[in-house]
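What's in final.txt: compact mmCIF, C-alpha atoms and all ligand atoms
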```
# COMPACT_ATOMS: atom_id res chain seq x y z
CA MET E 195 1.00 -22.38 -20.62
CA SER E 196 -2.25 -21.05 -19.19
CA PRO E 197 -2.00 -18.06 -16.85
CA GLY E 198 -0.55 -19.03 -13.50
CA GLU E 199 0.21 -22.61 -14.50
CA GLY E 200 3.50 -23.83 -13.11
CA ARG E 201 4.08 -20.53 -11.38
CA THR E 202 3.14 -21.31 -7.81
CA VAL E 203 6.28 -20.93 -5.78
CA THR E 204 6.87 -22.94 -2.67
CA THR E 205 10.47 -22.66 -1.58
CA GLY E 206 12.49 -25.48 -0.24
CA ARG E 207 14.90 -24.50 2.49
CA VAL E 208 17.95 -22.60 1.27
CA PRO E 209 21.01 -24.89 1.50
CA GLU E 210 23.00 -23.80 4.55
CA SER E 211 26.25 -23.79 2.54
CA TRP E 212 24.95 -20.77 0.57
CA TYR E 213 25.16 -18.65 3.67
CA GLY E 214 28.83 -19.37 4.47
CA SER E 215 29.45 -17.68 7.79
CA ASP E 216 26.74 -15.15 7.16
CA THR E 217 24.23 -16.46 9.68
CA SER E 218 25.35 -14.53 12.74
CA LYS E 219 23.47 -11.35 11.80
CA ALA E 220 19.78 -10.99 11.08
CA HIS E 221 18.91 -10.28 7.42
CA PRO E 222 15.65 -8.54 6.45
CA ALA E 223 14.69 -11.24 3.94
CA ARG E 224 15.13 -14.02 6.50
CA VAL E 225 13.37 -12.16 9.33
CA TYR E 226 10.46 -11.49 6.96
CA ASP E 227 10.50 -15.15 5.91
CA TYR E 228 10.17 -16.14 9.59
CA TRP E 229 7.17 -13.85 10.03
CA LEU E 230 5.63 -15.22 6.82
CA GLY E 231 5.93 -18.76 8.21
CA GLY E 232 8.80 -19.82 5.90
CA LYS E 233 11.83 -22.01 6.55
CA ASP E 234 14.76 -19.83 5.50
CA HIS E 235 15.92 -18.26 8.76
CA PHE E 236 18.54 -18.76 11.44
CA ALA E 237 18.85 -18.08 15.17
CA ALA E 238 19.91 -14.43 14.73
CA ASP E 239 16.94 -13.80 12.44
CA ARG E 240 14.52 -15.41 14.87
CA VAL E 241 15.88 -13.35 17.79
CA VAL E 242 15.18 -10.10 15.91
CA ALA E 243 11.81 -11.37 14.67
CA GLU E 244 10.64 -12.38 18.14
CA ARG E 245 11.97 -9.27 19.91
CA ALA E 246 10.32 -7.04 17.33
CA ALA E 247 7.05 -8.91 17.80
CA VAL E 248 7.11 -8.10 21.53
CA ASN E 249 6.89 -4.40 20.64
CA ALA E 250 4.61 -4.97 17.67
CA PRO E 251 2.50 -8.12 18.05
CA GLU E 252 0.71 -7.19 14.83
CA VAL E 253 3.88 -7.75 12.77
CA THR E 254 3.10 -11.28 11.57
CA MET E 255 -0.29 -10.22 10.29
CA ALA E 256 1.30 -7.08 8.83
CA CYS E 257 3.75 -9.17 6.77
CA ARG E 258 1.01 -11.41 5.41
CA GLU E 259 -1.20 -8.43 4.57
CA ASN E 260 1.77 -6.66 3.00
CA ARG E 261 2.32 -9.65 0.68
CA ALA E 262 -1.39 -9.73 -0.13
CA PHE E 263 -1.31 -5.98 -0.90
CA LEU E 264 1.70 -6.49 -3.19
CA GLY E 265 -0.19 -9.22 -5.05
CA ARG E 266 -3.41 -7.18 -5.40
CA ALA E 267 -1.59 -4.08 -6.62
CA ALA E 268 0.68 -5.91 -9.09
CA ARG E 269 -2.20 -7.99 -10.48
CA MET E 270 -4.39 -4.90 -10.84
CA LEU E 271 -1.73 -3.10 -12.87
CA ALA E 272 -1.06 -6.21 -14.97
CA GLU E 273 -4.80 -6.55 -15.63
CA ASP E 274 -4.78 -2.88 -16.67
CA GLY E 275 -2.13 -3.70 -19.28
CA ALA E 276 1.24 -3.19 -17.53
CA ARG E 277 3.83 -5.58 -18.95
CA GLN E 278 7.11 -4.37 -17.41
CA PHE E 279 7.81 -4.69 -13.68
CA LEU E 280 10.92 -3.77 -11.70
CA ASP E 281 10.73 -5.13 -8.14
CA ILE E 282 13.43 -3.71 -5.86
CA GLY E 283 13.90 -5.46 -2.51
CA THR E 284 12.15 -8.48 -3.86
CA GLY E 285 12.89 -10.92 -1.00
CA PHE E 286 12.79 -14.70 -1.20
CA PRO E 287 10.59 -15.86 -4.07
CA THR E 288 7.91 -17.28 -1.80
CA MET E 289 4.21 -17.57 -2.50
CA GLY E 290 2.50 -14.37 -3.60
CA ASN E 291 5.64 -12.55 -4.75
CA SER E 292 5.59 -10.13 -7.68
CA ASP E 293 6.67 -12.69 -10.26
CA GLU E 294 3.81 -14.99 -9.33
CA ALA E 295 1.19 -12.21 -9.19
CA VAL E 296 2.17 -10.68 -12.55
CA HIS E 297 2.54 -13.99 -14.37
CA SER E 298 -0.87 -15.14 -13.17
CA VAL E 299 -2.16 -12.46 -15.55
CA ASP E 300 0.40 -12.75 -18.37
CA PRO E 301 3.20 -15.35 -18.26
CA GLU E 302 5.14 -13.31 -20.80
CA ALA E 303 5.14 -10.04 -18.83
CA ARG E 304 8.67 -8.96 -17.97
CA VAL E 305 9.65 -8.96 -14.31
CA VAL E 306 13.05 -7.87 -13.04
CA CYS E 307 13.77 -8.72 -9.40
CA VAL E 308 16.52 -6.69 -7.68
CA ASP E 309 17.89 -7.33 -4.19
CA ASN E 310 21.11 -6.58 -2.32
CA ASP E 311 21.17 -9.86 -0.39
CA PRO E 312 23.35 -12.44 -2.20
CA VAL E 313 21.42 -15.35 -0.73
CA VAL E 314 18.10 -13.95 -1.95
CA LEU E 315 19.68 -13.58 -5.41
CA ALA E 316 21.10 -17.11 -5.43
CA HIS E 317 17.84 -18.60 -4.23
CA SER E 318 15.78 -16.68 -6.78
CA ARG E 319 18.07 -17.65 -9.66
CA ALA E 320 18.06 -21.32 -8.69
CA LEU E 321 14.30 -21.37 -8.40
CA LEU E 322 13.73 -19.59 -11.69
CA SER E 323 16.11 -21.87 -13.57
CA ARG E 324 14.27 -24.90 -12.13
CA ARG E 325 10.98 -23.41 -13.31
CA GLY E 326 12.46 -22.45 -16.68
CA SER E 327 10.96 -18.98 -16.35
CA GLY E 328 12.31 -16.90 -19.22
CA SER E 329 10.37 -13.74 -18.42
CA THR E 330 11.79 -13.11 -14.93
CA THR E 331 15.30 -11.72 -14.48
CA VAL E 332 17.18 -11.49 -11.20
CA LEU E 333 19.75 -8.70 -10.73
CA ALA E 334 21.99 -7.62 -7.88
CA GLY E 335 21.38 -4.02 -6.87
CA ASP E 336 21.12 -1.73 -3.90
CA LEU E 337 18.25 0.74 -3.63
CA ARG E 338 20.69 3.21 -2.04
CA GLU E 339 22.49 3.33 -5.41
CA PRO E 340 19.71 4.12 -7.88
CA GLU E 341 22.13 5.13 -10.65
CA ARG E 342 23.82 1.74 -10.60
CA ILE E 343 20.46 -0.01 -10.88
CA LEU E 344 19.24 2.32 -13.61
CA ASP E 345 22.51 2.16 -15.59
CA ASP E 346 22.71 -1.64 -15.51
CA PRO E 347 22.73 -2.89 -19.14
CA ALA E 348 21.10 -6.13 -17.96
CA LEU E 349 18.11 -4.08 -16.80
CA HIS E 350 17.83 -2.29 -20.14
CA ALA E 351 18.00 -5.61 -21.96
CA VAL E 352 14.63 -6.43 -20.37
CA ILE E 353 12.88 -3.15 -19.52
CA ASP E 354 12.24 -0.43 -22.09
CA PHE E 355 12.19 2.79 -20.08
CA SER E 356 10.68 4.75 -22.95
CA ARG E 357 7.46 2.84 -22.16
CA PRO E 358 5.51 2.66 -18.88
CA VAL E 359 7.00 0.48 -16.17
CA VAL E 360 5.78 -0.57 -12.75
CA VAL E 361 8.43 -0.11 -10.05
CA LEU E 362 7.86 -1.92 -6.75
CA MET E 363 9.49 -0.78 -3.50
CA VAL E 364 7.46 -2.90 -1.14
CA ALA E 365 8.59 -3.17 2.49
CA VAL E 366 12.10 -2.03 1.58
CA LEU E 367 12.22 1.77 2.07
CA HIS E 368 12.16 1.40 5.87
CA PHE E 369 15.61 -0.22 5.53
CA LEU E 370 16.98 3.11 4.25
CA ARG E 371 18.23 5.70 6.73
CA ASP E 372 17.35 9.36 6.22
CA GLU E 373 21.03 9.84 5.22
CA ASP E 374 20.40 7.40 2.36
CA ASP E 375 17.95 10.02 1.01
CA PRO E 376 14.93 7.79 0.28
CA ALA E 377 13.08 10.79 -1.22
CA GLY E 378 15.99 11.41 -3.60
CA VAL E 379 16.11 7.72 -4.50
CA ILE E 380 12.41 7.72 -5.40
CA ALA E 381 12.80 10.99 -7.31
CA ARG E 382 15.61 9.44 -9.37
CA PHE E 383 13.31 6.55 -10.37
CA HIS E 384 10.49 9.03 -11.05
CA ASP E 385 12.78 10.84 -13.50
CA ALA E 386 13.63 7.58 -15.29
CA MET E 387 10.02 6.36 -15.57
CA ALA E 388 7.91 7.16 -18.64
CA PRO E 389 4.58 8.99 -18.12
CA GLY E 390 1.87 6.46 -17.24
CA SER E 391 4.31 4.43 -15.10
CA HIS E 392 3.43 3.34 -11.57
CA LEU E 393 5.17 2.89 -8.23
CA ILE E 394 3.88 0.31 -5.74
CA VAL E 395 5.15 1.15 -2.29
CA SER E 396 4.71 0.02 1.30
CA HIS E 397 6.46 1.32 4.39
CA ALA E 398 6.43 0.57 8.14
CA THR E 399 5.06 3.21 10.49
CA TYR E 400 4.80 3.87 14.23
CA ASP E 401 1.68 6.04 13.90
CA TYR E 402 -0.62 3.61 15.71
CA ASN E 403 1.92 1.87 17.95
CA ILE E 404 4.71 4.07 19.27
CA LYS E 405 6.61 0.97 20.43
CA VAL E 406 7.42 0.22 16.79
CA LEU E 407 10.05 2.95 17.20
CA ASN E 408 11.84 0.72 19.74
CA ASN E 409 12.34 -1.82 16.98
CA SER E 410 15.05 0.35 15.43
CA ARG E 411 17.16 -0.74 18.44
CA VAL E 412 16.11 -4.37 17.96
CA TRP E 413 17.54 -4.19 14.41
CA ASN E 414 20.82 -2.61 15.59
CA ASP E 415 22.92 -5.73 15.04
CA ALA E 416 21.20 -6.76 11.81
CA THR E 417 22.61 -6.19 8.32
CA SER E 418 20.14 -3.34 7.76
CA PRO E 419 18.78 -0.57 9.97
CA PHE E 420 15.01 -0.33 10.53
CA ILE E 421 13.50 3.15 10.19
CA PRO E 422 9.71 3.29 10.55
CA ARG E 423 8.23 6.64 9.49
CA SER E 424 5.02 8.61 10.03
CA ARG E 425 2.33 8.79 7.36
CA THR E 426 3.32 12.41 6.68
CA GLN E 427 6.96 11.45 6.15
CA ILE E 428 6.03 8.56 3.87
CA ALA E 429 3.66 10.77 1.85
CA GLU E 430 6.52 13.25 1.37
CA LEU E 431 8.65 10.49 -0.17
CA LEU E 432 6.03 10.15 -2.91
CA ALA E 433 6.06 13.81 -3.97
CA GLY E 434 5.71 14.11 -7.72
CA PHE E 435 3.44 11.07 -8.06
CA GLU E 436 -0.37 11.01 -8.07
CA LEU E 437 -1.80 8.46 -5.63
CA LEU E 438 -4.49 6.12 -6.95
CA ASP E 439 -7.54 5.65 -4.72
CA PRO E 440 -7.67 5.06 -1.79
CA GLY E 441 -4.29 6.80 -1.33
CA LEU E 442 -1.73 5.92 1.33
CA VAL E 443 -3.54 3.58 3.73
CA ASP E 444 -3.02 0.54 5.93
CA VAL E 445 -2.04 -2.17 3.43
CA ALA E 446 -5.03 -4.33 4.40
CA HIS E 447 -7.35 -1.45 3.45
CA TRP E 448 -5.84 -0.89 0.01
CA ARG E 449 -8.61 -2.16 -2.29
CA PRO E 450 -9.38 -5.27 -0.16
CA ASP E 451 -10.66 -8.12 -2.30
CA GLY E 452 -13.44 -9.06 0.11
CA ASN E 453 -12.25 -12.67 0.37
CA ARG E 454 -10.48 -12.11 3.67
CA PRO E 455 -11.70 -10.34 6.79
CA LEU E 456 -10.02 -7.00 7.51
CA PRO E 457 -7.62 -7.22 10.47
CA PRO E 458 -9.10 -5.96 13.73
CA MET E 459 -6.10 -3.68 14.42
CA HIS E 460 -3.93 -1.23 12.51
CA LEU E 461 -0.97 -3.06 11.01
CA ASN E 462 1.60 -0.28 11.12
CA ILE E 463 2.44 -0.59 7.47
CA TYR E 464 1.09 1.79 4.85
CA GLY E 465 0.74 0.99 1.18
CA ALA E 466 -0.02 3.01 -1.93
CA VAL E 467 0.03 2.80 -5.70
CA ALA E 468 1.30 6.00 -7.26
CA ARG E 469 1.22 7.10 -10.89
CA LYS E 470 3.58 9.32 -12.83
CA ALA E 471 1.38 11.66 -14.88
C1 LIG W 1 10.87 -7.32 4.09
S1 LIG W 1 11.56 -7.96 2.59
C2 LIG W 1 10.29 -7.49 1.44
C3 LIG W 1 10.14 -8.47 0.29
C4 LIG W 1 9.03 -8.12 -0.72
N1 LIG W 1 9.27 -6.83 -1.32
C5 LIG W 1 7.68 -8.10 -0.06
O1 LIG W 1 7.23 -7.04 0.36
O2 LIG W 1 7.06 -9.17 0.08
C6 LIG W 1 12.79 -6.71 2.25
C7 LIG W 1 13.75 -7.09 1.13
O3 LIG W 1 14.49 -5.91 0.79
C8 LIG W 1 15.86 -6.27 0.62
N2 LIG W 1 16.65 -5.05 0.87
C9 LIG W 1 16.87 -4.44 2.06
N3 LIG W 1 17.60 -3.33 1.86
C10 LIG W 1 17.83 -3.25 0.52
C11 LIG W 1 18.54 -2.33 -0.31
N4 LIG W 1 19.17 -1.28 0.21
N5 LIG W 1 18.58 -2.57 -1.65
C12 LIG W 1 17.95 -3.65 -2.19
N6 LIG W 1 17.27 -4.55 -1.45
C13 LIG W 1 17.22 -4.36 -0.11
C14 LIG W 1 16.10 -7.38 1.61
O4 LIG W 1 17.23 -8.17 1.26
C15 LIG W 1 14.80 -8.14 1.52
O5 LIG W 1 14.87 -9.13 0.53
```

Is it possible to give me this structure as structure tokens?
Ligand SMILES: C[S@@+](CC[C@H](N)C(=O)[O-])C[C@H]1O[C@@H](n2cnc3c(N)ncnc32)[C@H](O)[C@@H]1O
Amino acid sequence: MSPGEGRTVTTGRVPESWYGSDTSKAHPARVYDYWLGGKDHFAADRVVAERAAVNAPEVTMACRENRAFLGRAARMLAEDGARQFLDIGTGFPTMGNSDEAVHSVDPEARVVCVDNDPVVLAHSRALLSRRGSGSTTVLAGDLREPERILDDPALHAVIDFSRPVVVLMVAVLHFLRDEDDPAGVIARFHDAMAPGSHLIVSHATYDYNIKVLNNSRVWNDATSPFIPRSRTQIAELLAGFELLDPGLVDVAHWRPDGNRPLPPMHLNIYGAVARKA
């Protein structure tokens, strides 16, 4: 198969039966899917998505630019030779996800997708089995429990932690409360990663739109909290890593490819690629 062939992912709608009764609360993956223009969302998800957009009208553009950032960063590292990727908080496998970006460079590169949403997991597994993708593995895991992810034998069957790995935590850390110790979680992965490994990260902020803080209340009844942070707080989470140029910046400004105009406003989501020396 030539690079990228057969890899373009366009999801069909998730069968409603997969959700059981679990449609009354908004889920991050489905709210994000709504903002990305997908089909896998329900009334509760749309209520949160639309209320959040009142406070932060830039959110739709932010989600699209976040996905584009994820793709640019993952492709860049794959083009630089990375062949092992661990994507935590992977979301629905819609267009431009990590699996698609990495396999456009090398279809044999190993990608492990971890999420704590059972419907995301079921959807991803069904899609991958339809595509016959042998180099992508889907695992259940919660970022708040790094040991359980890192001790999972199914992870070690695919990823060799004695060699460099790319860990992605893209648009997921703002679903961790301070009590969940996001800095400690990242430090635990840092410890497990071989020198020369990378972390791709993005995180919502309120730095340029204070009303984004009000969206924590909007997410109150959802399955996850929403905790935007300042640039200083996000930078502190990355202690121990070296940031590649241009550092921690608006995702649209992280090595833009020049094929799309830069958004006219700040998107309230920072992105960075960090390296373990
Ligand atoms: C906004 S989506 C981001 C998807 C993808 N990373 C991207 O940026 O395009 C957030 C994803 O993180 C997952 N998630 C939220 N909290 C999580 C946690 N504690 N552990 C693992 N996954 C989590 C959600 O289920 C959802 O699929």

Pull the closest atom pair for each residue of chain E that gets at most 7 Å from ligand LIG 1 (chain W), along with the distance in Å to one decimal, counting all atoms listed in the file, ordering rows by chain and then ascending residue number, as a Markdown table.
```
| residue | atom | partner | partner_atom | distance |
| --- | --- | --- | --- | --- |
| E:His221 | CA | W:LIG1 | O4 | 6.7 |
| E:Pro222 | CA | W:LIG1 | C14 | 5.0 |
| E:Ala223 | CA | W:LIG1 | C15 | 3.9 |
| E:Tyr226 | CA | W:LIG1 | C1 | 5.1 |
| E:Asn260 | CA | W:LIG1 | O1 | 6.1 |
| E:Arg261 | CA | W:LIG1 | O2 | 4.8 |
| E:Leu264 | CA | W:LIG1 | O1 | 6.6 |
| E:Ile282 | CA | W:LIG1 | C12 | 5.8 |
| E:Gly283 | CA | W:LIG1 | O3 | 3.4 |
| E:Thr284 | CA | W:LIG1 | N1 | 4.2 |
| E:Gly285 | CA | W:LIG1 | O5 | 3.1 |
| E:Phe286 | CA | W:LIG1 | O5 | 6.2 |
| E:Asn291 | CA | W:LIG1 | O2 | 6.1 |
| E:Val308 | CA | W:LIG1 | C12 | 6.4 |
| E:Asp309 | CA | W:LIG1 | N6 | 4.0 |
| E:Asn310 | CA | W:LIG1 | C12 | 4.3 |
| E:Asp311 | CA | W:LIG1 | O4 | 4.6 |
| E:Val314 | CA | W:LIG1 | O5 | 6.3 |
| E:Gly335 | CA | W:LIG1 | C12 | 5.8 |
| E:Asp336 | CA | W:LIG1 | N5 | 3.5 |
| E:Leu337 | CA | W:LIG1 | N5 | 3.9 |
| E:Arg338 | CA | W:LIG1 | N4 | 5.2 |
| E:Met363 | CA | W:LIG1 | N1 | 6.4 |
| E:Val364 | CA | W:LIG1 | N1 | 4.3 |
| E:Ala365 | CA | W:LIG1 | O1 | 4.6 |
| E:Val366 | CA | W:LIG1 | O3 | 4.6 |
| E:Phe369 | CA | W:LIG1 | N3 | 5.2 |
| E:Leu370 | CA | W:LIG1 | N4 | 6.4 |
| E:Ser418 | CA | W:LIG1 | N3 | 6.4 |
```

Handout entry: Residue nearest E:Thr217 among E:Arg382, E:Lys233, E:Asp239, E:Ala446 (counting all atoms listed in the file)
Key = E:Asp239

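The spacing separating atom CA of E:Asp439 from atom CA of E:Leu362 amounts to 17.3 Å.
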
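If you count only C-alpha atoms and ignore residues fewer than 3 places along the chain from E:Arg258, what sits within 12 Å of it is Tyr226, Asp227, Tyr228, Trp229, Leu230, Gly231, Gly232, Glu252, Val253, Thr254, Met255, Arg261, Ala262, Phe263, Leu264, Gly265, Thr288, Met289, Gly290, Asn291, Ala365, Val445, Ala446, Arg454, Pro457, Leu461 and Ile463 of chain E.
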
Fill in the blank from the handout: A straight line from atom CA of E:Ala272 to atom CA of E:Ala398 spans 25.2 Å

Problem - Atom pair atom CA of E:Leu315 / atom CA of E:Ala334: separation (Å) - result: 6.9 Å

As JSON: centre and edge lengths in Å, one decimal, of the axis-aligned box holding stretch 219-226 of chain E with 5 Å per side:
```
{"center_x": 17.0, "center_y": -11.3, "center_z": 7.9, "size_x": 23.0, "size_y": 15.5, "size_z": 17.9}
```

Problem - Who sits within 7 Å of E:Val296, all atoms listed in the file, same chain under 6 positions skipped, as an MDAnalysis selection string - result: chainID E and resid 268:269 272 303

Output of the above residues as a PDB file, keeping the file's coordinate frame, restricted to C-alpha atoms:
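Dumped everything to result_21.pdb:
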```pdb
ATOM      1  CA  ALA E 268       0.680  -5.910  -9.090  1.00  0.00           C
ATOM      2  CA  ARG E 269      -2.200  -7.990 -10.480  1.00  0.00           C
ATOM      3  CA  ALA E 272      -1.060  -6.210 -14.970  1.00  0.00           C
ATOM      4  CA  ALA E 303       5.140 -10.040 -18.830  1.00  0.00           C
TER       5      ALA E 303
END
```

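Of the residues under consideration (E:Tyr400, E:Trp413, E:Phe420, E:Phe279), E:Trp413 shows the shortest atom-to-atom contact distance to E:Val241 when counting only C-alpha atoms.
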
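Of the residues listed (E:Ala316, E:Ser391, E:Ser424, E:Asn403), E:Ser391 shows the shortest atom-to-atom separation from E:Val359; distances use only C-alpha atoms.
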
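For the set E:Met387, E:Ala220, E:Leu344, E:Ile380, the residue with the smallest atom-to-atom gap to E:Leu367 is E:Ile380, counting all atoms listed in the file.
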
Please, could N, CA and C atoms be added to stretch 422-439 of chain E and the result written as a PDB file, keeping the file's coordinate frame?
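Wrote it out as part.pdb, contents follow:
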```pdb
ATOM      1  N   PRO E 422      11.119   3.028  10.831  1.00  0.00           N
ATOM      2  CA  PRO E 422       9.710   3.290  10.550  1.00  0.00           C
ATOM      3  C   PRO E 422       9.487   4.793  10.437  1.00  0.00           C
ATOM      4  N   ARG E 423       8.477   5.201   9.677  1.00  0.00           N
ATOM      5  CA  ARG E 423       8.230   6.640   9.490  1.00  0.00           C
ATOM      6  C   ARG E 423       6.735   6.929   9.665  1.00  0.00           C
ATOM      7  N   SER E 424       6.427   8.205   9.881  1.00  0.00           N
ATOM      8  CA  SER E 424       5.020   8.610  10.030  1.00  0.00           C
ATOM      9  C   SER E 424       4.375   8.662   8.636  1.00  0.00           C
ATOM     10  N   ARG E 425       3.043   8.713   8.639  1.00  0.00           N
ATOM     11  CA  ARG E 425       2.330   8.790   7.360  1.00  0.00           C
ATOM     12  C   ARG E 425       2.743  10.053   6.599  1.00  0.00           C
ATOM     13  N   THR E 426       2.911  11.159   7.330  1.00  0.00           N
ATOM     14  CA  THR E 426       3.320  12.410   6.680  1.00  0.00           C
ATOM     15  C   THR E 426       4.680  12.258   6.010  1.00  0.00           C
ATOM     16  N   GLN E 427       5.609  11.645   6.721  1.00  0.00           N
ATOM     17  CA  GLN E 427       6.960  11.450   6.150  1.00  0.00           C
ATOM     18  C   GLN E 427       6.915  10.547   4.922  1.00  0.00           C
ATOM     19  N   ILE E 428       6.098   9.502   4.998  1.00  0.00           N
ATOM     20  CA  ILE E 428       6.030   8.560   3.870  1.00  0.00           C
ATOM     21  C   ILE E 428       5.378   9.260   2.669  1.00  0.00           C
ATOM     22  N   ALA E 429       4.323  10.035   2.943  1.00  0.00           N
ATOM     23  CA  ALA E 429       3.660  10.770   1.850  1.00  0.00           C
ATOM     24  C   ALA E 429       4.654  11.708   1.169  1.00  0.00           C
ATOM     25  N   GLU E 430       5.531  12.328   1.958  1.00  0.00           N
ATOM     26  CA  GLU E 430       6.520  13.250   1.370  1.00  0.00           C
ATOM     27  C   GLU E 430       7.482  12.530   0.425  1.00  0.00           C
ATOM     28  N   LEU E 431       7.749  11.252   0.712  1.00  0.00           N
ATOM     29  CA  LEU E 431       8.650  10.490  -0.170  1.00  0.00           C
ATOM     30  C   LEU E 431       8.059  10.350  -1.573  1.00  0.00           C
ATOM     31  N   LEU E 432       6.724  10.436  -1.647  1.00  0.00           N
ATOM     32  CA  LEU E 432       6.030  10.150  -2.910  1.00  0.00           C
ATOM     33  C   LEU E 432       5.713  11.426  -3.693  1.00  0.00           C
ATOM     34  N   ALA E 433       6.326  12.532  -3.284  1.00  0.00           N
ATOM     35  CA  ALA E 433       6.060  13.810  -3.970  1.00  0.00           C
ATOM     36  C   ALA E 433       6.353  13.648  -5.453  1.00  0.00           C
ATOM     37  N   GLY E 434       5.493  14.207  -6.270  1.00  0.00           N
ATOM     38  CA  GLY E 434       5.710  14.110  -7.720  1.00  0.00           C
ATOM     39  C   GLY E 434       4.849  13.023  -8.355  1.00  0.00           C
ATOM     40  N   PHE E 435       4.351  12.096  -7.548  1.00  0.00           N
ATOM     41  CA  PHE E 435       3.440  11.070  -8.060  1.00  0.00           C
ATOM     42  C   PHE E 435       2.009  11.421  -7.671  1.00  0.00           C
ATOM     43  N   GLU E 436       1.045  10.918  -8.456  1.00  0.00           N
ATOM     44  CA  GLU E 436      -0.370  11.010  -8.070  1.00  0.00           C
ATOM     45  C   GLU E 436      -0.748   9.674  -7.434  1.00  0.00           C
ATOM     46  N   LEU E 437      -1.420   9.713  -6.273  1.00  0.00           N
ATOM     47  CA  LEU E 437      -1.800   8.460  -5.630  1.00  0.00           C
ATOM     48  C   LEU E 437      -3.137   7.971  -6.172  1.00  0.00           C
ATOM     49  N   LEU E 438      -3.200   6.705  -6.551  1.00  0.00           N
ATOM     50  CA  LEU E 438      -4.490   6.120  -6.950  1.00  0.00           C
ATOM     51  C   LEU E 438      -5.337   5.942  -5.693  1.00  0.00           C
ATOM     52  N   ASP E 439      -6.645   5.906  -5.855  1.00  0.00           N
ATOM     53  CA  ASP E 439      -7.540   5.650  -4.720  1.00  0.00           C
ATOM     54  C   ASP E 439      -7.213   4.281  -4.122  1.00  0.00           C
TER      55      ASP E 439
END
```
